[in-house]
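Dropping upload.csv in here (CSV, C-alpha atoms):
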chain,number,residue,atom,x,y,z
A,1,MET,CA,2.1,20.6,-100.0
A,2,GLN,CA,5.6,21.5,-101.0
A,3,THR,CA,8.2,18.8,-100.1
A,4,SER,CA,11.6,20.6,-100.2
A,5,LYS,CA,12.4,22.8,-97.2
A,6,PRO,CA,14.4,26.0,-97.2
A,7,LYS,CA,17.6,25.9,-95.2
A,8,ILE,CA,16.8,28.9,-93.1
A,9,ARG,CA,14.0,28.8,-90.5
A,10,LEU,CA,12.7,31.8,-88.6
A,11,PHE,CA,10.3,32.1,-85.7
A,12,VAL,CA,7.8,34.9,-86.1
A,13,GLN,CA,5.0,36.3,-84.0
A,14,ALA,CA,2.6,37.0,-86.9
A,15,PRO,CA,-0.2,34.7,-88.1
A,16,LEU,CA,0.9,32.5,-91.1
A,17,ALA,CA,-1.4,31.8,-94.0
A,18,GLU,CA,-1.2,31.5,-97.8
A,19,ASN,CA,-0.5,34.8,-99.6
A,20,ALA,CA,0.0,36.7,-96.3
A,21,ILE,CA,2.8,39.3,-96.0
A,22,VAL,CA,4.9,39.2,-92.8
A,23,GLY,CA,7.2,42.0,-91.7
A,24,LEU,CA,10.4,41.1,-89.8
A,25,PRO,CA,12.0,43.1,-87.0
A,26,ALA,CA,15.4,44.8,-87.5
A,27,ASP,CA,17.4,42.0,-85.9
A,28,GLN,CA,16.0,39.3,-88.2
A,29,ALA,CA,16.3,41.5,-91.3
A,30,HIS,CA,19.9,42.1,-90.4
A,31,TYR,CA,20.4,38.3,-89.9
A,32,LEU,CA,19.0,37.6,-93.4
A,33,LYS,CA,20.8,40.3,-95.2
A,34,HIS,CA,24.2,40.6,-93.6
A,35,VAL,CA,24.8,37.2,-91.8
A,36,MET,CA,23.1,34.8,-94.3
A,37,ARG,CA,23.6,37.0,-97.3
A,38,ARG,CA,20.1,36.4,-98.6
A,39,LYS,CA,18.4,38.7,-101.2
A,40,GLN,CA,15.0,39.4,-102.6
A,41,GLY,CA,13.3,36.3,-104.0
A,42,ASP,CA,15.2,33.8,-101.8
A,43,LEU,CA,13.1,31.2,-99.9
A,44,ILE,CA,13.0,30.8,-96.1
A,45,ALA,CA,10.8,28.8,-93.7
A,46,LEU,CA,8.6,30.4,-91.0
A,47,PHE,CA,6.8,29.1,-88.0
A,48,ASN,CA,5.0,30.7,-85.1
A,49,GLY,CA,4.0,27.9,-82.8
A,50,GLU,CA,0.4,27.8,-83.9
A,51,ASP,CA,0.0,27.6,-87.7
A,52,GLY,CA,2.6,25.0,-88.7
A,53,GLU,CA,5.6,25.7,-90.9
A,54,TRP,CA,5.4,27.7,-94.2
A,55,SER,CA,7.7,28.6,-97.0
A,56,ALA,CA,8.0,32.3,-97.8
A,57,HIS,CA,10.1,34.3,-100.3
A,58,ILE,CA,11.8,37.6,-99.4
A,59,ASP,CA,9.5,40.2,-101.0
A,60,GLY,CA,11.6,43.2,-99.9
A,61,LEU,CA,14.8,43.7,-97.9
A,62,GLY,CA,16.3,47.0,-96.7
A,63,LYS,CA,18.2,48.5,-93.9
A,64,GLY,CA,16.5,47.3,-90.7
A,65,TRP,CA,13.5,45.8,-92.4
A,66,ALA,CA,12.3,42.9,-94.5
A,67,SER,CA,8.9,41.7,-95.8
A,68,LEU,CA,8.1,38.1,-96.6
A,69,ALA,CA,5.4,36.7,-98.9
A,70,ILE,CA,3.9,33.5,-97.6
A,71,GLN,CA,3.6,30.7,-100.1
A,72,ASP,CA,2.9,27.0,-99.1
A,73,GLN,CA,2.5,25.2,-95.9
A,74,LEU,CA,5.4,22.8,-95.4
A,75,CYS,CA,3.9,20.9,-92.5
A,76,PRO,CA,0.8,21.4,-90.2
A,77,GLN,CA,1.0,22.2,-86.5
A,78,THR,CA,1.2,18.9,-84.6
A,79,PRO,CA,0.8,18.1,-80.9
A,80,GLU,CA,4.1,18.2,-79.0
A,81,PRO,CA,5.1,16.7,-75.6
A,82,ASP,CA,3.6,18.5,-72.6
A,83,ILE,CA,6.8,18.6,-70.5
A,84,TRP,CA,7.8,21.3,-68.1
A,85,LEU,CA,11.4,21.8,-66.8
A,86,CYS,CA,11.6,23.5,-63.4
A,87,PHE,CA,15.1,24.2,-62.3
A,88,ALA,CA,17.1,26.1,-59.8
A,89,PRO,CA,19.1,28.8,-61.7
A,90,ILE,CA,22.7,28.1,-62.4
A,91,LYS,CA,25.7,30.0,-63.9
A,92,ARG,CA,25.1,31.9,-67.1
A,93,THR,CA,27.1,29.7,-69.5
A,94,ARG,CA,25.6,26.6,-68.1
A,95,ILE,CA,22.0,28.0,-68.2
A,96,ASP,CA,22.5,28.8,-71.8
A,97,PHE,CA,23.4,25.2,-72.5
A,98,LEU,CA,20.5,23.9,-70.4
A,99,VAL,CA,18.0,26.1,-72.2
A,100,GLU,CA,19.3,25.2,-75.7
A,101,LYS,CA,19.3,21.4,-75.0
A,102,ALA,CA,15.9,21.4,-73.2
A,103,THR,CA,14.4,23.1,-76.2
A,104,GLU,CA,15.9,20.4,-78.5
A,105,LEU,CA,14.4,17.8,-76.2
A,106,GLY,CA,10.9,19.1,-76.5
A,107,VAL,CA,10.3,21.0,-73.3
A,108,SER,CA,7.2,23.2,-73.4
A,109,ARG,CA,7.9,25.4,-70.4
A,110,LEU,CA,11.0,26.5,-68.6
A,111,GLN,CA,10.4,27.5,-65.0
A,112,PRO,CA,13.2,28.9,-62.8
A,113,VAL,CA,12.7,28.0,-59.1
A,114,MET,CA,14.4,29.6,-56.1
A,115,THR,CA,15.2,27.0,-53.5
A,116,GLN,CA,17.0,27.2,-50.1
A,117,PHE,CA,20.4,26.3,-51.6
A,118,THR,CA,20.1,28.1,-54.9
A,119,ASN,CA,23.4,30.0,-55.4
A,120,SER,CA,22.6,32.0,-58.6
A,121,THR,CA,19.7,34.4,-58.5
A,122,ARG,CA,20.4,36.6,-61.6
A,123,ILE,CA,18.3,35.5,-64.6
A,124,ASN,CA,18.4,37.1,-68.0
A,125,TYR,CA,14.9,36.3,-69.4
A,126,HIS,CA,15.5,38.0,-72.7
A,127,ARG,CA,18.6,35.9,-73.2
A,128,MET,CA,16.8,32.7,-72.2
A,129,THR,CA,14.0,33.4,-74.7
A,130,ALA,CA,16.5,34.2,-77.5
A,131,ARG,CA,18.3,30.9,-76.8
A,132,CYS,CA,15.0,29.0,-77.0
A,133,ILE,CA,14.1,30.6,-80.3
A,134,GLU,CA,17.6,29.9,-81.8
A,135,ALA,CA,17.4,26.3,-80.7
A,136,ALA,CA,13.8,25.8,-82.0
A,137,GLU,CA,14.8,27.3,-85.4
A,138,GLN,CA,17.8,24.9,-85.6
A,139,CYS,CA,16.2,21.7,-84.5
A,140,GLU,CA,13.0,22.1,-86.6
A,141,ARG,CA,10.6,22.3,-83.7
A,142,LEU,CA,7.3,24.0,-84.6
A,143,SER,CA,7.1,25.8,-81.2
A,144,VAL,CA,9.2,27.6,-78.7
A,145,PRO,CA,9.2,26.9,-75.0
A,146,ALA,CA,7.5,29.4,-72.7
A,147,VAL,CA,10.0,31.1,-70.4
A,148,GLN,CA,8.4,31.9,-67.0
A,149,GLU,CA,9.3,34.4,-64.3
A,150,ALA,CA,11.2,32.8,-61.4
A,151,VAL,CA,9.1,31.7,-58.3
A,152,THR,CA,10.0,30.3,-55.0
A,153,LEU,CA,9.5,26.5,-54.4
A,154,ARG,CA,6.6,27.3,-52.1
A,155,GLN,CA,4.9,29.4,-54.7
A,156,LEU,CA,5.5,26.7,-57.3
A,157,LEU,CA,3.8,24.0,-55.1
A,158,ASP,CA,1.0,26.3,-53.9
A,159,ASN,CA,-0.1,26.7,-57.5
A,160,TRP,CA,0.6,23.2,-58.9
A,161,PRO,CA,-2.0,21.8,-61.3
A,162,ASP,CA,-3.8,18.8,-59.9
A,163,ASP,CA,-3.4,16.7,-63.1
A,164,ARG,CA,0.4,17.2,-63.6
A,165,LEU,CA,3.1,14.9,-62.3
A,166,LEU,CA,6.0,16.5,-60.5
A,167,LEU,CA,9.1,14.4,-60.7
A,168,PHE,CA,12.0,15.9,-58.7
A,169,CYS,CA,15.5,14.4,-59.1
A,170,ASP,CA,16.9,13.3,-55.8
A,171,GLU,CA,20.3,11.7,-55.1
A,172,ARG,CA,19.1,10.3,-51.7
A,173,GLN,CA,18.4,6.6,-51.2
A,174,GLY,CA,14.8,5.6,-51.5
A,175,ALA,CA,14.0,7.5,-54.6
A,176,GLU,CA,11.9,5.8,-57.2
A,177,GLY,CA,13.2,4.5,-60.5
A,178,LEU,CA,12.1,6.5,-63.6
A,179,VAL,CA,11.1,3.3,-65.3
A,180,ASP,CA,8.6,2.4,-62.6
A,181,VAL,CA,7.1,5.9,-62.6
A,182,ALA,CA,6.8,6.1,-66.4
A,183,ALA,CA,5.1,2.7,-66.5
A,184,GLY,CA,2.1,3.9,-64.6
A,185,ASN,CA,1.8,7.4,-66.0
A,186,ARG,CA,1.9,7.2,-69.8
A,187,GLY,CA,0.1,10.2,-71.4
A,188,SER,CA,0.1,12.3,-68.2
A,189,PRO,CA,1.4,15.9,-68.3
A,190,VAL,CA,4.7,16.0,-66.4
A,191,ALA,CA,7.2,18.3,-65.0
A,192,PHE,CA,10.8,17.7,-63.9
A,193,LEU,CA,12.3,19.6,-61.0
A,194,ILE,CA,16.1,19.9,-60.9
A,195,GLY,CA,17.5,21.2,-57.7
A,196,PRO,CA,20.7,23.3,-57.1
A,197,GLU,CA,24.2,21.9,-56.6
A,198,GLY,CA,23.5,21.5,-52.9
A,199,GLY,CA,20.3,19.5,-53.5
A,200,PHE,CA,17.0,20.0,-51.7
A,201,SER,CA,16.8,20.6,-47.9
A,202,ASP,CA,14.9,18.3,-45.7
A,203,ASP,CA,12.1,20.8,-45.4
A,204,GLU,CA,11.9,21.1,-49.1
A,205,ARG,CA,11.7,17.3,-49.6
A,206,THR,CA,8.9,17.2,-47.1
A,207,MET,CA,7.0,19.9,-49.0
A,208,LEU,CA,7.6,18.1,-52.3
A,209,LEU,CA,6.5,14.7,-51.1
A,210,SER,CA,3.3,16.2,-49.6
A,211,LEU,CA,2.1,17.0,-53.1
A,212,PRO,CA,-0.2,14.1,-54.3
A,213,ASN,CA,1.3,13.8,-57.7
A,214,SER,CA,4.9,14.2,-56.7
A,215,HIS,CA,7.6,11.5,-57.0
A,216,SER,CA,11.2,11.5,-55.9
A,217,ILE,CA,13.2,9.9,-58.7
A,218,SER,CA,16.7,8.6,-59.0
A,219,LEU,CA,18.9,9.0,-62.2
A,220,GLY,CA,21.5,6.5,-61.1
A,221,PRO,CA,24.4,6.0,-58.7
A,222,ARG,CA,26.4,9.2,-59.6
A,223,ILE,CA,25.9,12.8,-58.5
A,224,LEU,CA,25.1,14.7,-61.7
A,225,ARG,CA,25.4,18.4,-62.5
A,226,ALA,CA,22.1,20.2,-62.7
A,227,GLU,CA,22.1,20.5,-66.5
A,228,THR,CA,23.3,16.8,-66.9
A,229,ALA,CA,20.4,15.7,-64.6
A,230,ALA,CA,17.9,17.6,-66.7
A,231,PHE,CA,19.1,16.1,-70.0
A,232,ALA,CA,19.2,12.6,-68.6
A,233,ALA,CA,15.7,12.9,-67.1
A,234,LEU,CA,14.1,14.4,-70.2
A,235,GLY,CA,15.7,12.0,-72.6
A,236,ALA,CA,15.0,8.9,-70.6
A,237,TRP,CA,11.3,9.9,-69.9
A,238,GLN,CA,10.6,10.4,-73.6
A,239,ALA,CA,12.2,7.1,-74.5
A,240,LEU,CA,10.2,5.3,-71.9
A,241,ILE,CA,6.8,6.7,-72.7
A,242,ARG,CA,7.0,6.2,-76.5
Show the structure stored in the file as structure tokens.
Amino acid sequence: MQTSKPKIRLFVQAPLAENAIVGLPADQAHYLKHVMRRKQGDLIALFNGEDGEWSAHIDGLGKGWASLAIQDQLCPQTPEPDIWLCFAPIKRTRIDFLVEKATELGVSRLQPVMTQFTNSTRINYHRMTARCIEAAEQCERLSVPAVQEAVTLRQLLDNWPDDRLLLFCDERQGAEGLVDVAAGNRGSPVAFLIGPEGGFSDDERTMLLSLPNSHSISLGPRILRAETAAFAALGAWQALIR
């Protein structure tokens, strides 16, 4: 395997294998030619979430198109954390930040959830997916989180997998410490649920706690913004289960 890595990484949908030719869509061709000033023969890295990361050289580059010739596998596809982030939608600039950092922290699925106190209902799924791809390219992940269509909290719970922990962040007294939950659930698939700025209603807490694998968790004595709570929970969980 080749040891040095190209500085530019791109996520593609095509299968990756030695000697294959991959065509790029117009936006990625524009990025290579006009933003990064790359030319025919230059090396870049490609990944698709399934076949690992590969080096490729630019075989052809024109107006609105590019073709890449695959060379060597830089690293194989490896297992990644199975962590979902479910969250009540927030304002656009803050959701951009949340999506970017959640991708860097290894989240495998992003699930918007409409709750009783959710105050932002407009979701740009294309923008969310683009942010995920950009973040994955930058942080050297080998996959991109799946962006799901929004569901209500009831729909989320009605279809919850039996084997997946649901940890919802709750500022009320009586919530469990994340250290205690992590100690008994190493290796379990997990999801974090971050509520809106107004928190969860009493009825929603009752619904959540009725789920067998659900835990109300505390992230400390302060009231955190939604995106801060997400980063704190994701970072702490992965440190605890190592």
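Between atom CA of Ala29 of chain A and atom CA of Gly64 of chain A the separation is 5.8 Å.
For the pair atom CA of Arg205 of chain A and atom CA of Arg164 of chain A, the interatomic distance is 18.0 Å.
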Discussion item. Residues near Cys132 of chain A, anyone? I mean within 7 Å using all atoms listed in the file, not counting same-chain ones fewer than 2 positions away, as an MDAnalysis selection string.
Written reply: chainID A and resid 99:100 103 128:130 134:136 144:145
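Of the residues listed (A:Ile90, A:Val113, A:Leu68, A:Met36), A:Leu68 shows the shortest atom-to-atom separation from Val12 of chain A; distances use only C-alpha atoms.
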Worksheet entry | Who sits within 7 Å of segment 44-57 of chain A, all atoms listed in the file, same chain under 4 positions skipped, as a list in words | Pro6, Lys7, Ile8, Arg9, Leu10, Phe11, Val12, Gln13, Ala14, Leu16, Leu68, Ala69, Ile70, Gln71, Asp72, Gln73, Leu74, Cys75, Pro76, Gln77, Leu142, Ser143 and Val144 of chain A
Fill in: Residues near segment 78-83 of chain A, cut-off 8 Å, all atoms listed in the file, skip fewer than 5 positions along chain, as a PyMOL selection string
chain A and resi 52+106-109+142+189-192
Discussion item. If I take atom CA of Gly177 of chain A and atom CA of Leu219 of chain A, how far is one from the other in Å, to one decimal?
Written reply: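 Taking atom CA of Gly177 of chain A and atom CA of Leu219 of chain A, their separation equals 7.5 Å.
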Within 10 Å of Gln155 of chain A, counting all atoms listed in the file, which residues qualify if same-chain residues fewer than 5 places away don't, as a PDB file with C-alpha atoms, in the coordinates of the input?
ATOM      1  CA  VAL A 113      12.700  28.000 -59.100  1.00  0.00           C
ATOM      2  CA  MET A 114      14.400  29.600 -56.100  1.00  0.00           C
ATOM      3  CA  ALA A 150      11.200  32.800 -61.400  1.00  0.00           C
ATOM      4  CA  TRP A 160       0.600  23.200 -58.900  1.00  0.00           C
TER       5      TRP A 160
END
Worksheet item: So which residues touch segment 166-171 of chain A within 10 Å, counting all atoms listed in the file, skipping near sequence neighbours fewer than 5 positions away, as a PyMOL selection string?
Response: chain A and resi 84-87+157+160-161+176+178+181+189-195+199-200+205+208-209+211-224+226+229-230+233
Fill in: Option closest in space to Thr206 of chain A, from A:Leu98, A:Ala239, A:Val179, A:Leu153 [counting all atoms listed in the file]
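Checking each of A:Leu98, A:Ala239, A:Val179, A:Leu153 against Thr206 of chain A, counting all atoms listed in the file, the winner is A:Leu153.
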